[in-house]
Structures are given as structure tokens and as C-alpha cells.
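**Student:** Okay, here's the structure, questions in a sec.
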Amino acid sequence: MSIAIRAAREEDTGLIFDLVRELAEYEKLADAVDATPDAIAAALFAKEPRLFCDIAEWNGEAAGFAVWFLNFSTFRGRHGIYLEDLFVRPAYRGRGLGRALMTQLAGRCVEQGLARFEWSVLDWNAPSIAFYRSIGAAVMDDWKICRLSGPALQTFAAKDARP
């Protein structure tokens with residue numbers, strides 16, 4: 001039995017889109033997906049991409065993925081990695097694929113001198129929280145994610161609050 005982690009290729013676009021939908025179903029957010037395979041391909045495979053994806057394979061079969069991008073810490077004065085999505089298909093869980101994907105990204109941080117490796121987790125996802133704590137991650141309960149999107153984003157952007 002073997003695990004392989006590789007960078008996504010353009011021909012993986014359909015697979016990546018399927019994994020996004022599977023993740024959304026797992027997170028009970030299937031109705032929130034309005035991405036398309038074309039939009040994902042445009043982001044991942046642009047001339048100068050700002051979004052990246054690693055594919056986890058189990059014995060040559062696509063089993064999961066990590067989607068990530070560079071963020072920046074003004075306090076540290078360096079970039080870091082923000083893990084947007086981590087997902088392993090249910091049939092492949094418990095085999096170390098999630099750990100392998102995260103180890104790959106942690107190694108990238110160390111090799112490139114990046115300041116930190118961050119991600120978010122839903123508060124109800126106890127198995128993932130336990131896993132993250134087991135690898136030494138600090139679950140930062142004192143921080144809350146804030147988001148403007150959809151109509152709220154449009155409304156706020158249209159306000160006369162800008163100079």
C-alpha cells in the first residue's frame with residue numbers, strides 16, 4: 001500500500017471539482033457551491049497562479065486533495081500557507097493521507113522559510129479538531145472568521161463609506 005502526493009495537473013480539473021463537491025456535501029454546504037470546473041481551472045492553472053492544489057493518491061487512485069495559497073503575516077514579515085480545503089474520500093480515511101497532505105505543506109513552509117501554516121475547521125468537526133491537535137496545531141478559539149460575500153458584499157461595497 002502506498003501514498004503519493006503530487007501537484008495537480010490541468011487534466012485533474014474534473015477530479016478537483018468532484019472533490020470540491022464531495023467536501024461540500026461532507027460539510028453540509030452542497031448548496032453553497034457555485035464554482036465551475038472552468039473557474040477552478042482558471043484559478044489553478046493560470047500563467048501566474050495564486051491558488052495551488054496537491055492530490056493524494058492511494059495505490060494510484062485519487063483519494064483526496066489539499067487546496068492552498070500563500071498568505072502574509074505582517075507581524076512576522078513573511079508569507080505563509082493558508083490551507084483552504086483538505087479532503088480525503090471516506091473510503092480512504094484512516095490511512096494517513098490527510099497527514100501526508102499536511103506534512104507536504106508543512107515541509108514546503110520549512111523549506112521556503114515561510115512563517116506559518118494555517119487553516120480553519122468547523123466547530124462541529126470533532127474528528128478533525130482532534131487530529132489537528134494531535135499534530136501540535138493550536139486551535140485558536142479566541143479568533144473568529146469574518147466574511148462578506150454575496151448580497152452583503154455588494155451592499156457594503158456600494159455604500160458611500162469609501163473616501
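Identifiers in the C-alpha cells: chain A, B, ... in order shown; residue index from 1 per chain; ligand index from 1 in order shown.
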From the DSSP assignment of the backbone, select every residue of chain A that is alpha helix (DSSP H), and format the answer as a PyMOL selection string.

**Tutor:** chain A and resi 13-26+37-44+97-112+126-134+150-158

**Student:** Pull C-alpha atoms from the residues just selected and write them as a PDB file, in the first residue's frame.

**Tutor:**
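Result written to part.pdb:
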```pdb
ATOM      1  CA  THR A  13      -9.759  19.707 -13.220  1.00  0.00           C
ATOM      2  CA  GLY A  14     -12.779  17.361 -13.255  1.00  0.00           C
ATOM      3  CA  LEU A  15     -11.378  15.365 -10.333  1.00  0.00           C
ATOM      4  CA  ILE A  16     -10.721  18.528  -8.325  1.00  0.00           C
ATOM      5  CA  PHE A  17     -14.241  19.771  -8.986  1.00  0.00           C
ATOM      6  CA  ASP A  18     -15.652  16.400  -7.868  1.00  0.00           C
ATOM      7  CA  LEU A  19     -13.583  16.585  -4.666  1.00  0.00           C
ATOM      8  CA  VAL A  20     -14.846  20.114  -4.006  1.00  0.00           C
ATOM      9  CA  ARG A  21     -18.437  18.883  -4.301  1.00  0.00           C
ATOM     10  CA  GLU A  22     -17.727  15.864  -2.081  1.00  0.00           C
ATOM     11  CA  LEU A  23     -16.190  18.158   0.537  1.00  0.00           C
ATOM     12  CA  ALA A  24     -19.197  20.495   0.356  1.00  0.00           C
ATOM     13  CA  GLU A  25     -21.548  17.555   0.904  1.00  0.00           C
ATOM     14  CA  TYR A  26     -19.496  16.403   3.913  1.00  0.00           C
ATOM     15  CA  PRO A  37     -14.724  23.323 -13.387  1.00  0.00           C
ATOM     16  CA  ASP A  38     -13.692  26.197 -15.694  1.00  0.00           C
ATOM     17  CA  ALA A  39     -13.416  28.642 -12.787  1.00  0.00           C
ATOM     18  CA  ILE A  40     -11.316  26.189 -10.786  1.00  0.00           C
ATOM     19  CA  ALA A  41      -9.062  25.502 -13.769  1.00  0.00           C
ATOM     20  CA  ALA A  42      -8.644  29.229 -14.414  1.00  0.00           C
ATOM     21  CA  ALA A  43      -7.529  29.783 -10.806  1.00  0.00           C
ATOM     22  CA  LEU A  44      -5.226  26.769 -10.512  1.00  0.00           C
ATOM     23  CA  LEU A  97      -3.492  10.568   3.503  1.00  0.00           C
ATOM     24  CA  GLY A  98      -4.628  13.698   5.343  1.00  0.00           C
ATOM     25  CA  ARG A  99      -1.472  13.641   7.428  1.00  0.00           C
ATOM     26  CA  ALA A 100       0.630  13.167   4.268  1.00  0.00           C
ATOM     27  CA  LEU A 101      -1.001  16.148   2.555  1.00  0.00           C
ATOM     28  CA  MET A 102      -0.431  18.328   5.608  1.00  0.00           C
ATOM     29  CA  THR A 103       3.138  17.092   6.083  1.00  0.00           C
ATOM     30  CA  GLN A 104       3.852  18.043   2.461  1.00  0.00           C
ATOM     31  CA  LEU A 105       2.626  21.588   3.090  1.00  0.00           C
ATOM     32  CA  ALA A 106       4.439  21.895   6.424  1.00  0.00           C
ATOM     33  CA  GLY A 107       7.623  20.774   4.682  1.00  0.00           C
ATOM     34  CA  ARG A 108       7.105  23.407   1.997  1.00  0.00           C
ATOM     35  CA  CYS A 109       6.826  26.050   4.741  1.00  0.00           C
ATOM     36  CA  VAL A 110      10.073  24.915   6.337  1.00  0.00           C
ATOM     37  CA  GLU A 111      11.964  24.590   3.033  1.00  0.00           C
ATOM     38  CA  GLN A 112      10.854  28.012   1.781  1.00  0.00           C
ATOM     39  CA  ALA A 126     -14.566  16.919  16.305  1.00  0.00           C
ATOM     40  CA  PRO A 127     -12.528  14.229  14.477  1.00  0.00           C
ATOM     41  CA  SER A 128     -10.612  16.858  12.503  1.00  0.00           C
ATOM     42  CA  ILE A 129     -10.083  19.064  15.562  1.00  0.00           C
ATOM     43  CA  ALA A 130      -8.700  16.067  17.469  1.00  0.00           C
ATOM     44  CA  PHE A 131      -6.399  15.228  14.552  1.00  0.00           C
ATOM     45  CA  TYR A 132      -5.144  18.811  14.274  1.00  0.00           C
ATOM     46  CA  ARG A 133      -4.411  18.943  17.991  1.00  0.00           C
ATOM     47  CA  SER A 134      -2.609  15.580  17.763  1.00  0.00           C
ATOM     48  CA  GLY A 150     -22.984  37.662  -1.882  1.00  0.00           C
ATOM     49  CA  PRO A 151     -25.550  40.427  -1.321  1.00  0.00           C
ATOM     50  CA  ALA A 152     -23.846  41.661   1.878  1.00  0.00           C
ATOM     51  CA  LEU A 153     -20.598  42.210  -0.041  1.00  0.00           C
ATOM     52  CA  GLN A 154     -22.422  44.008  -2.850  1.00  0.00           C
ATOM     53  CA  THR A 155     -24.349  46.205  -0.419  1.00  0.00           C
ATOM     54  CA  PHE A 156     -21.318  47.164   1.628  1.00  0.00           C
ATOM     55  CA  ALA A 157     -19.198  47.885  -1.453  1.00  0.00           C
ATOM     56  CA  ALA A 158     -21.912  50.221  -2.752  1.00  0.00           C
TER      57      ALA A 158
END
```

**Student:** Can you pull out every residue within 12 Å of Glu27 in chain A, counting only C-alpha atoms, but drop anything in the same chain fewer than 5 positions away, and send it as a ChimeraX atom specification?

**Tutor:** /A:20-22,32-33,85-87,121-125,128

**Student:** For a quick check of understanding, using only C-alpha atoms, which of A:Leu70, A:Ile5, A:Pro90, A:Ile135 has the smallest distance to Ile55 in chain A?

**Tutor:**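 That would be A:Ile5, the residue with the smallest distance to Ile55 in chain A.
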
**Student:** So, with only C-alpha atoms as the atoms that count, which of A:Asp54, A:Asp142, A:Ala46, A:Leu29 lies closest to Ala7 in chain A?

**Tutor:** A:Asp54

**Student:** Need the shell around Glu57 in chain A: protein/DNA/RNA residues with any atom at most 10 Å away, counting only C-alpha atoms. Skip same-chain ones fewer than 2 positions apart. Format as an NGL selection string?

**Tutor:** :A and (2-6 or 54-55 or 59-65 or 88 or 92 or 97)

**Student:** List the spatial neighbours of Glu118 in chain A as a PDB file with C-alpha atoms, in the first residue's frame - criterion: any atom at most 8 Å away, only C-alpha atoms, same-chain residues fewer than 4 positions off excluded.

**Tutor:**
```
ATOM      1  CA  GLY A  80       2.822  31.555   5.000  1.00  0.00           C
ATOM      2  CA  ILE A  81       0.498  28.909   3.635  1.00  0.00           C
ATOM      3  CA  TYR A  82      -3.249  29.002   4.146  1.00  0.00           C
ATOM      4  CA  LEU A  83      -4.911  25.647   3.613  1.00  0.00           C
TER       5      LEU A  83
END
```

**Student:** So what do you get for CA of Trp119 in chain A versus CA of Glu11 in chain A, distance-wise?

**Tutor:** 26.6 Å

**Student:** Work out how far apart CA of Pro49 in chain A and CA of Phe69 in chain A are and give it in Å to one decimal.

**Tutor:**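 Atom-to-atom, CA of Pro49 in chain A and CA of Phe69 in chain A are spaced 9.2 Å apart.
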